[in-house]
$ cat entry-v5.cif   # mmCIF, C-alpha atoms and all ligand atoms
data_run
loop_
_atom_site.label_atom_id
_atom_site.label_comp_id
_atom_site.auth_asym_id
_atom_site.auth_seq_id
_atom_site.Cartn_x
_atom_site.Cartn_y
_atom_site.Cartn_z
CA MET S 1450 43.74 75.83 19.07
CA PRO S 1451 44.66 72.14 18.89
CA ARG S 1452 42.28 70.03 16.81
CA ALA S 1453 41.35 67.75 19.71
CA LEU S 1454 40.20 70.74 21.76
CA ARG S 1455 38.16 72.10 18.86
CA THR S 1456 36.47 68.69 18.42
CA LEU S 1457 35.78 68.55 22.16
CA GLY S 1458 34.31 72.07 22.02
CA ARG S 1459 32.02 71.07 19.16
CA LEU S 1460 30.97 67.91 20.98
CA VAL S 1461 30.07 69.90 24.10
CA LYS S 1462 28.16 72.47 21.99
CA TYR S 1463 26.15 69.79 20.17
CA SER S 1464 25.48 67.84 23.37
CA VAL S 1465 24.21 70.97 25.13
CA GLY S 1466 22.06 71.81 22.09
CA ILE S 1467 20.61 68.30 21.78
CA GLY S 1468 20.18 67.92 25.58
CA GLY S 1469 18.48 71.32 25.86
CA GLY S 1470 16.21 70.50 22.92
CA LEU S 1471 15.24 67.16 24.44
CA PHE S 1472 14.59 68.80 27.83
CA LEU S 1473 12.37 71.50 26.31
CA GLY S 1474 10.63 68.97 24.06
CA ASP S 1475 9.95 66.72 27.05
CA ILE S 1476 8.40 69.43 29.23
CA LEU S 1477 6.30 70.69 26.33
CA ILE S 1478 5.11 67.27 25.14
CA ASN S 1479 4.40 66.07 28.65
CA ASP S 1480 2.46 69.19 29.55
CA GLU S 1481 4.97 70.04 32.23
CA PHE S 1482 5.97 73.45 31.00
CA ASP S 1483 3.80 75.38 33.40
CA SER S 1484 4.73 73.07 36.33
CA SER S 1485 8.43 73.52 35.58
CA VAL S 1486 8.07 77.28 35.48
CA THR S 1487 5.84 77.57 38.55
CA ASN S 1488 8.08 75.16 40.51
CA ARG S 1489 11.05 77.33 39.73
CA PHE S 1490 9.44 80.51 41.01
CA ARG S 1491 7.43 78.90 43.79
CA GLN S 1492 8.38 80.42 47.12
CA ARG S 1493 8.17 78.62 50.42
CA ILE S 1494 5.81 80.18 52.91
CA SER S 1495 7.08 79.80 56.47
CA ALA S 1496 5.17 77.89 59.14
CA GLU S 1497 4.68 81.18 61.09
CA GLN S 1498 3.17 82.93 58.06
CA ARG S 1499 0.93 79.95 57.43
CA ALA S 1500 -0.20 79.95 61.07
CA MET S 1501 -1.26 83.59 60.73
CA GLU S 1502 -3.30 82.95 57.63
CA PRO S 1503 -4.80 79.45 57.44
CA ARG S 1504 -4.50 77.85 54.03
CA PRO S 1505 -7.78 77.22 52.18
CA ARG S 1506 -8.59 73.50 52.18
CA VAL S 1507 -8.72 71.99 48.70
CA LEU S 1508 -10.23 68.54 48.48
CA ILE S 1509 -9.53 66.59 45.30
CA LEU S 1510 -11.63 63.51 44.59
CA GLY S 1511 -9.95 61.04 42.25
CA ALA S 1512 -6.29 60.35 41.55
CA GLY S 1513 -6.62 59.80 37.82
CA TRP S 1514 -5.33 61.96 34.99
CA GLY S 1515 -7.38 64.99 36.02
CA GLY S 1516 -6.99 64.77 39.81
CA LEU S 1517 -3.25 64.19 39.73
CA SER S 1518 -2.64 67.04 37.27
CA MET S 1519 -4.34 69.30 39.80
CA VAL S 1520 -2.28 67.85 42.66
CA ARG S 1521 0.95 68.49 40.81
CA LYS S 1522 0.14 72.08 39.97
CA LEU S 1523 -1.18 73.38 43.28
CA HIS S 1524 1.25 75.22 45.55
CA THR S 1525 0.76 73.30 48.77
CA ASP S 1526 2.26 76.04 50.94
CA LYS S 1527 -0.71 78.16 49.83
CA PHE S 1528 -3.36 75.45 49.82
CA ASP S 1529 -4.00 72.65 52.29
CA VAL S 1530 -4.53 69.84 49.78
CA THR S 1531 -6.22 66.50 50.47
CA LEU S 1532 -6.56 63.80 47.82
CA VAL S 1533 -9.13 61.00 48.08
CA ASN S 1534 -8.99 57.90 45.87
CA PRO S 1535 -10.25 54.32 46.43
CA LYS S 1536 -6.87 52.85 45.41
CA ASN S 1537 -3.42 54.06 46.37
CA TYR S 1538 -2.08 53.94 42.83
CA PHE S 1539 -2.45 55.83 39.57
CA LEU S 1540 -3.27 53.74 36.51
CA PHE S 1541 -1.69 54.52 33.14
CA THR S 1542 -4.72 53.55 31.03
CA PRO S 1543 -3.17 53.77 27.52
CA LEU S 1544 -1.22 50.56 28.19
CA LEU S 1545 -3.98 48.69 30.00
CA ALA S 1546 -5.05 46.67 26.94
CA SER S 1547 -1.55 45.27 26.48
CA THR S 1548 -1.49 43.97 30.07
CA THR S 1549 -4.43 41.64 29.32
CA THR S 1550 -2.16 39.40 27.28
CA GLY S 1551 0.93 39.82 29.45
CA ARG S 1552 2.83 41.83 26.82
CA THR S 1553 3.17 44.66 29.33
CA SER S 1554 3.52 43.90 33.01
CA LYS S 1555 0.77 45.27 35.25
CA SER S 1556 3.23 46.67 37.76
CA SER S 1557 4.80 48.84 35.06
CA ILE S 1558 1.59 50.79 34.43
CA ILE S 1559 0.79 51.75 38.00
CA GLU S 1560 2.45 54.37 40.13
CA PRO S 1561 1.92 54.91 43.88
CA VAL S 1562 -0.28 57.95 44.51
CA ARG S 1563 1.84 58.86 47.53
CA HIS S 1564 4.78 59.55 45.18
CA PHE S 1565 2.76 62.43 43.76
CA CYS S 1566 1.93 63.71 47.24
CA LYS S 1567 5.51 64.17 48.45
CA ARG S 1568 6.96 67.65 47.97
CA ALA S 1569 10.60 68.55 48.36
CA ASP S 1570 9.85 72.27 48.22
CA ALA S 1571 6.51 72.62 50.01
CA GLU S 1572 4.00 70.92 52.30
CA ASP S 1573 3.00 67.39 51.32
CA VAL S 1574 -0.44 66.58 49.97
CA ARG S 1575 -2.56 64.51 52.41
CA PHE S 1576 -3.75 61.25 50.85
CA ILE S 1577 -6.76 59.27 52.05
CA GLU S 1578 -7.44 55.89 50.46
CA SER S 1579 -11.21 55.77 50.36
CA GLU S 1580 -14.21 56.29 48.12
CA ALA S 1581 -16.19 59.54 48.14
CA VAL S 1582 -19.82 58.61 48.63
CA SER S 1583 -21.68 61.91 48.84
CA VAL S 1584 -21.10 65.64 48.81
CA ASN S 1585 -22.82 67.84 51.35
CA LEU S 1586 -22.85 71.32 49.85
CA GLU S 1587 -24.28 73.01 52.97
CA SER S 1588 -21.70 71.75 55.45
CA GLN S 1589 -18.94 71.70 52.77
CA THR S 1590 -17.98 68.13 53.57
CA VAL S 1591 -17.61 64.95 51.59
CA THR S 1592 -18.61 61.66 53.17
CA CYS S 1593 -16.02 59.00 52.39
CA ARG S 1594 -15.95 55.26 52.92
CA ASP S 1595 -12.98 53.00 53.49
CA ILE S 1596 -13.53 50.16 51.03
CA SER S 1597 -10.48 48.16 52.04
CA ASP S 1598 -10.84 44.83 53.86
CA MET S 1599 -9.52 46.43 57.07
CA HIS S 1600 -12.89 47.02 58.70
CA THR S 1601 -12.81 49.49 61.58
CA SER S 1602 -15.30 51.64 63.48
CA ASN S 1603 -14.11 54.53 61.30
CA ASP S 1604 -15.20 53.03 57.95
CA SER S 1605 -17.29 56.11 57.16
CA PHE S 1606 -16.06 59.64 57.82
CA ASP S 1607 -16.42 63.24 56.61
CA VAL S 1608 -13.70 65.36 55.02
CA PRO S 1609 -14.20 69.15 55.08
CA TYR S 1610 -13.28 71.45 52.20
CA ASP S 1611 -13.25 75.08 51.13
CA TYR S 1612 -12.78 74.17 47.48
CA LEU S 1613 -13.81 70.87 45.97
CA VAL S 1614 -12.31 69.35 42.83
CA ILE S 1615 -14.17 66.38 41.38
CA GLY S 1616 -12.07 64.13 39.15
CA VAL S 1617 -13.67 60.75 39.78
CA GLY S 1618 -13.73 59.78 36.11
CA ALA S 1619 -16.53 57.67 34.72
CA GLU S 1620 -17.85 54.12 34.84
CA PRO S 1621 -18.40 51.70 31.94
CA ALA S 1622 -21.65 52.26 30.07
CA THR S 1623 -23.90 49.22 29.61
CA PHE S 1624 -27.01 51.06 28.28
CA GLY S 1625 -29.03 48.84 30.60
CA THR S 1626 -28.29 45.77 28.45
CA PRO S 1627 -29.35 42.73 30.49
CA GLY S 1628 -26.60 40.30 31.51
CA VAL S 1629 -23.58 42.53 30.82
CA LYS S 1630 -22.49 42.94 34.43
CA GLU S 1631 -22.92 39.21 35.10
CA HIS S 1632 -21.20 37.75 32.05
CA ALA S 1633 -18.84 40.33 30.51
CA VAL S 1634 -15.62 41.94 31.73
CA PHE S 1635 -14.98 45.67 31.40
CA LEU S 1636 -11.55 47.07 30.56
CA LYS S 1637 -11.07 50.07 32.80
CA GLN S 1638 -9.28 48.96 35.97
CA ILE S 1639 -6.17 46.92 36.59
CA GLU S 1640 -8.39 44.17 38.14
CA HIS S 1641 -10.24 43.90 34.82
CA SER S 1642 -6.98 43.15 33.07
CA ARG S 1643 -6.23 40.34 35.53
CA VAL S 1644 -9.72 38.82 35.05
CA ILE S 1645 -9.49 39.03 31.23
CA ARG S 1646 -6.08 37.39 31.20
CA SER S 1647 -7.20 34.56 33.42
CA ARG S 1648 -10.38 34.02 31.34
CA ILE S 1649 -8.39 33.90 28.08
CA LEU S 1650 -6.08 31.25 29.53
CA ASP S 1651 -8.98 29.33 31.11
CA ALA S 1652 -10.81 29.28 27.77
CA LEU S 1653 -7.74 27.89 26.00
CA GLU S 1654 -7.04 25.29 28.72
CA THR S 1655 -10.69 24.20 28.98
CA ALA S 1656 -10.84 23.76 25.21
CA CYS S 1657 -7.92 21.30 25.55
CA ILE S 1658 -9.71 19.03 28.04
CA PRO S 1659 -10.18 15.54 26.50
CA GLY S 1660 -13.75 14.81 25.40
CA GLN S 1661 -14.69 18.45 24.90
CA SER S 1662 -17.35 18.66 22.18
CA ASP S 1663 -16.72 20.57 18.95
CA ALA S 1664 -19.52 23.02 19.72
CA GLU S 1665 -18.08 23.72 23.16
CA ILE S 1666 -14.56 24.17 21.76
CA GLU S 1667 -15.92 26.64 19.22
CA ARG S 1668 -17.72 28.59 21.94
CA LEU S 1669 -14.75 28.60 24.34
CA LEU S 1670 -12.40 29.85 21.65
CA SER S 1671 -14.74 32.60 20.51
CA PHE S 1672 -13.33 35.86 21.89
CA VAL S 1673 -15.82 38.68 21.56
CA VAL S 1674 -15.28 42.40 22.05
CA VAL S 1675 -18.35 44.61 22.23
CA GLY S 1676 -17.50 48.18 21.23
CA GLY S 1677 -15.43 49.20 18.23
CA GLY S 1678 -13.95 52.34 19.77
CA PRO S 1679 -10.24 52.87 20.40
CA THR S 1680 -10.15 50.59 23.47
CA GLY S 1681 -12.00 47.74 21.74
CA VAL S 1682 -9.85 47.96 18.61
CA GLU S 1683 -6.66 48.11 20.65
CA TYR S 1684 -7.64 45.16 22.79
CA ALA S 1685 -8.66 43.09 19.74
CA GLY S 1686 -5.26 43.85 18.17
CA GLU S 1687 -3.42 42.78 21.32
CA LEU S 1688 -5.44 39.59 21.53
CA ALA S 1689 -4.86 38.77 17.84
CA ASP S 1690 -1.13 39.21 18.43
CA PHE S 1691 -1.22 36.97 21.47
CA LEU S 1692 -3.23 34.19 19.83
CA LYS S 1693 -1.21 34.28 16.62
CA ARG S 1694 2.17 34.22 18.32
CA ASP S 1695 2.23 33.04 21.97
CA ALA S 1696 -0.86 30.80 21.97
CA LYS S 1697 0.13 29.20 18.66
CA ARG S 1698 3.46 28.17 20.18
CA ALA S 1699 2.02 26.97 23.49
CA TYR S 1700 -1.17 25.13 22.48
CA PRO S 1701 -1.89 22.20 20.13
CA PRO S 1702 -2.35 23.34 16.49
CA ASP S 1703 -6.02 22.28 16.38
CA ILE S 1704 -6.75 24.58 19.34
CA ALA S 1705 -4.80 27.67 18.25
CA SER S 1706 -6.23 27.50 14.72
CA ARG S 1707 -9.84 27.44 15.96
CA CYS S 1708 -9.66 30.69 17.92
CA SER S 1709 -11.79 33.53 16.58
CA ILE S 1710 -11.91 37.22 17.50
CA ARG S 1711 -14.98 39.30 16.78
CA ILE S 1712 -15.72 42.98 17.31
CA VAL S 1713 -19.40 43.82 17.68
CA GLU S 1714 -20.17 47.45 16.87
CA GLY S 1715 -23.55 49.20 16.66
CA LEU S 1716 -22.42 51.70 14.00
CA PRO S 1717 -21.45 50.89 10.38
CA HIS S 1718 -17.69 51.08 11.16
CA VAL S 1719 -15.24 50.68 14.00
CA LEU S 1720 -13.56 53.90 15.23
CA ALA S 1721 -16.64 55.71 13.87
CA ARG S 1722 -15.58 59.11 15.22
CA PHE S 1723 -12.19 59.06 13.48
CA GLU S 1724 -11.09 60.24 10.03
CA PRO S 1725 -12.21 57.98 7.12
CA GLN S 1726 -8.55 57.13 6.35
CA THR S 1727 -7.98 55.97 9.92
CA ILE S 1728 -11.14 53.85 9.83
CA GLU S 1729 -10.15 52.29 6.54
CA TYR S 1730 -6.63 51.55 7.78
CA ALA S 1731 -7.83 50.08 11.09
CA GLU S 1732 -10.43 47.86 9.43
CA LYS S 1733 -7.89 46.63 6.88
CA GLN S 1734 -5.39 45.77 9.59
CA LEU S 1735 -8.01 44.03 11.73
CA LYS S 1736 -9.19 41.92 8.80
CA LYS S 1737 -5.56 41.04 8.05
CA GLU S 1738 -5.36 39.72 11.61
CA ASN S 1739 -8.56 37.67 10.96
CA VAL S 1740 -10.64 39.79 13.34
CA ILE S 1741 -14.29 39.48 12.32
CA LEU S 1742 -16.11 42.83 12.23
CA GLU S 1743 -19.78 42.59 13.15
CA CYS S 1744 -20.79 46.20 12.43
CA ASP S 1745 -24.35 47.58 12.52
CA GLN S 1746 -25.13 45.11 15.30
CA PHE S 1747 -26.57 46.01 18.69
CA VAL S 1748 -26.38 43.67 21.64
CA LYS S 1749 -29.88 42.96 22.93
CA ARG S 1750 -28.86 40.75 25.84
CA VAL S 1751 -26.03 38.69 27.23
CA GLU S 1752 -26.45 35.23 28.74
CA ALA S 1753 -23.86 32.74 29.97
CA GLY S 1754 -21.73 31.98 26.89
CA LYS S 1755 -24.13 33.62 24.42
CA LEU S 1756 -24.86 37.08 22.99
CA THR S 1757 -28.06 38.04 21.20
CA LEU S 1758 -27.65 40.67 18.50
CA SER S 1759 -30.08 42.75 16.53
CA HIS S 1760 -29.13 44.32 13.19
CA ARG S 1761 -29.36 48.12 13.29
CA VAL S 1762 -31.21 48.37 9.95
CA THR S 1763 -32.93 45.03 9.27
CA LYS S 1764 -33.62 44.30 12.98
CA GLU S 1765 -32.76 40.68 12.21
CA SER S 1766 -31.77 38.77 15.32
CA SER S 1767 -28.76 36.46 15.65
CA THR S 1768 -26.72 34.80 18.40
CA VAL S 1769 -22.97 34.59 18.96
CA PRO S 1770 -21.44 32.07 21.36
CA PHE S 1771 -18.48 33.29 23.40
CA GLY S 1772 -15.81 32.03 25.78
CA VAL S 1773 -14.56 35.46 26.80
CA LEU S 1774 -16.57 38.66 26.40
CA VAL S 1775 -14.98 42.08 26.88
CA TRP S 1776 -17.40 45.03 27.04
CA VAL S 1777 -15.93 48.39 26.01
CA THR S 1778 -18.81 50.51 24.76
CA GLY S 1779 -17.85 53.82 26.32
CA ILE S 1780 -18.49 55.51 29.62
CA ALA S 1781 -21.28 56.89 31.81
CA ALA S 1782 -21.32 59.31 34.76
CA GLN S 1783 -20.42 58.03 38.24
CA PRO S 1784 -23.25 57.86 40.82
CA LEU S 1785 -21.51 60.57 42.88
CA VAL S 1786 -21.59 62.94 39.90
CA LYS S 1787 -25.19 62.05 39.01
CA ASP S 1788 -26.26 62.77 42.59
CA LEU S 1789 -24.45 66.08 42.57
CA ILE S 1790 -26.01 67.12 39.27
CA ALA S 1791 -29.42 66.16 40.68
CA ALA S 1792 -28.74 68.27 43.78
CA ILE S 1793 -27.40 71.30 41.93
CA GLY S 1794 -29.24 71.21 38.65
CA LYS S 1795 -28.09 70.66 35.10
CA SER S 1796 -24.75 71.89 33.77
CA THR S 1797 -24.13 75.17 31.88
CA PRO S 1798 -25.50 77.76 31.82
CA ALA S 1799 -27.39 76.87 35.00
CA ASN S 1800 -24.25 75.64 36.76
CA ALA S 1801 -23.65 78.79 38.77
CA PRO S 1802 -24.17 76.99 42.11
CA LEU S 1803 -21.62 74.35 41.05
CA GLN S 1804 -19.08 77.05 40.34
CA GLU S 1805 -19.68 78.60 43.75
CA HIS S 1806 -18.89 75.36 45.53
CA THR S 1807 -16.19 73.81 43.39
CA VAL S 1808 -12.99 74.79 41.60
C1 LIG M 1 -8.10 50.95 28.30
C2 LIG M 1 -8.09 52.46 28.14
C3 LIG M 1 -7.18 53.06 27.29
C4 LIG M 1 -7.15 54.45 27.15
N1 LIG M 1 -6.24 55.00 26.31
C5 LIG M 1 -6.19 56.33 26.18
C6 LIG M 1 -5.22 56.95 25.33
O1 LIG M 1 -4.40 56.27 24.72
N2 LIG M 1 -5.24 58.30 25.24
C7 LIG M 1 -6.14 59.07 25.92
O2 LIG M 1 -6.10 60.29 25.80
N3 LIG M 1 -7.06 58.51 26.72
C8 LIG M 1 -7.11 57.18 26.87
N4 LIG M 1 -8.05 56.62 27.67
C9 LIG M 1 -9.02 57.49 28.35
C10 LIG M 1 -8.41 58.09 29.60
O3 LIG M 1 -7.97 57.05 30.47
C11 LIG M 1 -9.48 58.92 30.30
O4 LIG M 1 -9.88 59.94 29.42
C12 LIG M 1 -8.92 59.52 31.55
O5 LIG M 1 -8.58 58.48 32.44
C13 LIG M 1 -9.94 60.43 32.21
O6 LIG M 1 -9.29 61.04 33.30
P1 LIG M 1 -10.07 61.37 34.63
O7 LIG M 1 -9.10 61.98 35.58
O8 LIG M 1 -11.32 62.09 34.33
O9 LIG M 1 -10.54 59.96 35.21
P2 LIG M 1 -9.66 58.65 35.62
O10 LIG M 1 -8.31 58.76 35.04
O11 LIG M 1 -10.55 57.53 35.31
O12 LIG M 1 -9.53 58.87 37.18
C14 LIG M 1 -10.60 58.83 38.04
C15 LIG M 1 -10.07 58.44 39.41
O13 LIG M 1 -11.11 58.63 40.35
C16 LIG M 1 -11.19 57.52 41.19
N5 LIG M 1 -12.55 57.43 41.71
C17 LIG M 1 -13.62 56.85 41.14
N6 LIG M 1 -14.69 56.97 41.93
C18 LIG M 1 -14.30 57.66 43.02
C19 LIG M 1 -14.95 58.09 44.20
N7 LIG M 1 -16.24 57.85 44.40
N8 LIG M 1 -14.22 58.75 45.12
C20 LIG M 1 -12.91 59.01 44.92
N9 LIG M 1 -12.23 58.62 43.82
C21 LIG M 1 -12.92 57.96 42.89
C22 LIG M 1 -10.79 56.35 40.31
O14 LIG M 1 -10.35 55.27 41.12
C23 LIG M 1 -9.67 56.98 39.50
O15 LIG M 1 -8.44 56.85 40.15
C24 LIG M 1 -8.09 55.24 27.86
C25 LIG M 1 -9.01 54.64 28.72
C26 LIG M 1 -9.01 53.26 28.87
C27 LIG M 1 -9.99 52.63 29.82
#
$ encode --input "entry-v5.cif" --output "structure tokens" --more "lines below"
Ligand SMILES: Cc1cc2nc3c(=O)[nH]c(=O)nc-3n(C[C@H](O)[C@H](O)[C@H](O)COP(=O)(O)OP(=O)(O)OC[C@H]3O[C@@H](n4cnc5c(N)ncnc54)[C@H](O)[C@@H]3O)c2cc1C
Amino acid sequence: MPRALRTLGRLVKYSVGIGGGLFLGDILINDEFDSSVTNRFRQRISAEQRAMEPRPRVLILGAGWGGLSMVRKLHTDKFDVTLVNPKNYFLFTPLLASTTTGRTSKSSIIEPVRHFCKRADAEDVRFIESEAVSVNLESQTVTCRDISDMHTSNDSFDVPYDYLVIGVGAEPATFGTPGVKEHAVFLKQIEHSRVIRSRILDALETACIPGQSDAEIERLLSFVVVGGGPTGVEYAGELADFLKRDAKRAYPPDIASRCSIRIVEGLPHVLARFEPQTIEYAEKQLKKENVILECDQFVKRVEAGKLTLSHRVTKESSTVPFGVLVWVTGIAAQPLVKDLIAAIGKSTPANAPLQEHTV
């Protein structure tokens, strides 16, 4: 066989091997193995067959990671699937922190929910942009509310279900700390990212206004993160990068050099639930970026431009001025979930009624 043909043969062999490996790796890593297999063997059910045997109605609340995984895996010729979510997009949270400084564009981390609802090989999923307000277990309906600005006489309506899937996620935890909701920004939604970005820029610009006092400049340029978990650490890193590089180039030297970043954490270390090596590495990197770590400090209250802290051990009180405060101390259950737990009773092992009504 001519040499050129042999080389071509080898090239094809290697390409098929590498391509196949990448394909398999991708479906395994991205948890798509079962979807790929079920899609392949999924059989269409004709409209006549479906008319003879009505499809059970599955109602999925929430188009986040959990809700959309469910949407993608259900065979919609067998189930009549409805998805309810207050926004018509899915948010890729792992990159949210980097959108606060503009390093990643906001539009690149959202994906229209309706893309996930279209099916080439089966019935589409019905999408309703609204917020689920309450679950009525007796009538098997969920009361939903249209929270858009398009007010109509149909702002509140009921959606029936045979099976209910609740994937509404969680809301930021404040532990009842006074002033958090009024003066801090959470980092959970795309809107939060927009607010944080605009506050960072406003703080820098306001610090540049002629006649600004030293104390006010120090306060404005004090960027505080409450919560030393993965989100807080990631955000602080992004901010340090932004201030050190972009802000340093754009703003006068006496402004950029006076910026400070501080992480306030109630436990002795940031990333407290991680391996000691990870904690050590993260703290070393943060200190290298001049991020101040205020560990063992609990926030007692938040006022306009000022935090009051209490030391976990000594109980000593101190205050920290801030220009921008980001609150990322973890999550708490949504009101809808709390109400449902109250109606049904606590979770396992007494969750039998929940299992009867939900999948
Ligand atoms: C900044 C940030 C970074 C993160 N990075 C990572 C990471 O790198 N790796 C990782 O594993 N995890 C990460 N997480 C955590 C991850 O995002 C969550 O674990 C995950 O989103 C939980 O999925 P979920 O489906 O339960 O809820 P979500 O993904 O929060 O989805 C809930 C959905 O329900 C909707 N909803 C809320 N209320 C209602 C209602 N009443 N009716 C109808 N719909 C409602 C919401 O709008 C949302 O679309 C990060 C989180 C944040 C905030």
$ residues_near_ligand --input "entry-v5.cif" --ligand "ligand LIG 1 (chain M)" --cutoff "7 Å" --atoms "all atoms listed in the file" --output "number ranges by chain"
S: 1510-1516, 1533-1536, 1539, 1542-1546, 1579-1582, 1616-1619, 1636-1637, 1680, 1783, 1785
$ closest_atom_pairs --input "entry-v5.cif" --of "region 1566-1673 of chain S" --to "region 1557-1562 of chain S" --cutoff "9 Å" --atoms "only C-alpha atoms" --output "tab-separated table"
residue	atom	partner	partner_atom	distance
S:Cys1566	CA	S:Val1562	CA	6.7
S:Phe1576	CA	S:Val1562	CA	7.9
S:Ile1639	CA	S:Ile1559	CA	8.6
$ residues_near_point --input "entry-v5.cif" --point "(-20.2, 25.1, 20.8)" --cutoff "12 Å" --atoms "all atoms listed in the file" --output "list in words"
Ala1656, Gln1661, Ser1662, Asp1663, Ala1664, Glu1665, Ile1666, Glu1667, Arg1668, Leu1669, Leu1670, Ser1671, Arg1707, Gly1754, Lys1755, Thr1768, Val1769, Pro1770, Phe1771 and Gly1772 of chain S
$ atom_distance --input "entry-v5.cif" --atom1 "CA of Ala1569 (chain S)" --atom2 "CA of Glu1502 (chain S)"
22.1 Å
$ atom_distance --input "entry-v5.cif" --atom1 "CA of Tyr1612 (chain S)" --atom2 "CA of Ala1781 (chain S)"
24.8 Å
$ closest_residue --input "entry-v5.cif" --among "S:His1632, S:Arg1722, S:Lys1737, S:Arg1459" --to "Asp1690 (chain S)" --atoms "all atoms listed in the file"
S:Lys1737
$ atom_distance --input "entry-v5.cif" --atom1 "CA of Glu1732 (chain S)" --atom2 "CA of Leu1653 (chain S)"
26.1 Å
$ residues_around --input "entry-v5.cif" --residues "region 1710-1714 of chain S" --least-positions-apart "6" --cutoff "7 Å" --atoms "all atoms listed in the file" --output "VMD selection string"
chain S and resid 1671 to 1677 1740 to 1747
$ write_last_selection --input "entry-v5.cif" --atoms "C-alpha atoms" --output "short mmCIF file (atom, residue, chain, number, x, y, z; two decimals), in the frame of the given file"
data_model
loop_
_atom_site.label_atom_id
_atom_site.label_comp_id
_atom_site.auth_asym_id
_atom_site.auth_seq_id
_atom_site.Cartn_x
_atom_site.Cartn_y
_atom_site.Cartn_z
CA SER S 1671 -14.74 32.60 20.51
CA PHE S 1672 -13.33 35.86 21.89
CA VAL S 1673 -15.82 38.68 21.56
CA VAL S 1674 -15.28 42.40 22.05
CA VAL S 1675 -18.35 44.61 22.23
CA GLY S 1676 -17.50 48.18 21.23
CA GLY S 1677 -15.43 49.20 18.23
CA VAL S 1740 -10.64 39.79 13.34
CA ILE S 1741 -14.29 39.48 12.32
CA LEU S 1742 -16.11 42.83 12.23
CA GLU S 1743 -19.78 42.59 13.15
CA CYS S 1744 -20.79 46.20 12.43
CA ASP S 1745 -24.35 47.58 12.52
CA GLN S 1746 -25.13 45.11 15.30
CA PHE S 1747 -26.57 46.01 18.69
#
$ residues_around --input "entry-v5.cif" --residues "Glu1752 (chain S)" --least-positions-apart "2" --cutoff "9 Å" --atoms "all atoms listed in the file" --output "number ranges by chain"
S: 1627-1629, 1631-1632, 1750, 1754-1757
$ residues_around --input "entry-v5.cif" --residues "Val1507 (chain S)" --least-positions-apart "6" --cutoff "12 Å" --atoms "all atoms listed in the file" --output "short mmCIF file (atom, residue, chain, number, x, y, z; two decimals) with C-alpha atoms, in the frame of the given file"
data_model
loop_
_atom_site.label_atom_id
_atom_site.label_comp_id
_atom_site.auth_asym_id
_atom_site.auth_seq_id
_atom_site.Cartn_x
_atom_site.Cartn_y
_atom_site.Cartn_z
CA GLY S 1516 -6.99 64.77 39.81
CA MET S 1519 -4.34 69.30 39.80
CA VAL S 1520 -2.28 67.85 42.66
CA LEU S 1523 -1.18 73.38 43.28
CA HIS S 1524 1.25 75.22 45.55
CA THR S 1525 0.76 73.30 48.77
CA ASP S 1526 2.26 76.04 50.94
CA LYS S 1527 -0.71 78.16 49.83
CA PHE S 1528 -3.36 75.45 49.82
CA ASP S 1529 -4.00 72.65 52.29
CA VAL S 1530 -4.53 69.84 49.78
CA THR S 1531 -6.22 66.50 50.47
CA LEU S 1532 -6.56 63.80 47.82
CA VAL S 1533 -9.13 61.00 48.08
CA VAL S 1574 -0.44 66.58 49.97
CA ARG S 1575 -2.56 64.51 52.41
CA GLN S 1589 -18.94 71.70 52.77
CA THR S 1590 -17.98 68.13 53.57
CA VAL S 1591 -17.61 64.95 51.59
CA VAL S 1608 -13.70 65.36 55.02
CA PRO S 1609 -14.20 69.15 55.08
CA TYR S 1610 -13.28 71.45 52.20
CA ASP S 1611 -13.25 75.08 51.13
CA TYR S 1612 -12.78 74.17 47.48
CA LEU S 1613 -13.81 70.87 45.97
CA VAL S 1614 -12.31 69.35 42.83
CA ILE S 1615 -14.17 66.38 41.38
CA HIS S 1806 -18.89 75.36 45.53
CA THR S 1807 -16.19 73.81 43.39
CA VAL S 1808 -12.99 74.79 41.60
#
$ closest_residue --input "entry-v5.cif" --among "S:Phe1624, S:Phe1723, S:Tyr1463, S:Phe1565" --to "Val1777 (chain S)" --atoms "only C-alpha atoms"
S:Phe1624
$ closest_residue --input "entry-v5.cif" --among "S:Glu1572, S:Cys1593, S:Gln1638, S:Ser1766" --to "Ala1496 (chain S)" --atoms "all atoms listed in the file"
S:Glu1572
$ closest_residue --input "entry-v5.cif" --among "S:Asp1573, S:Ala1792, S:His1718, S:His1600" --to "Tyr1730 (chain S)" --atoms "all atoms listed in the file"
S:His1718
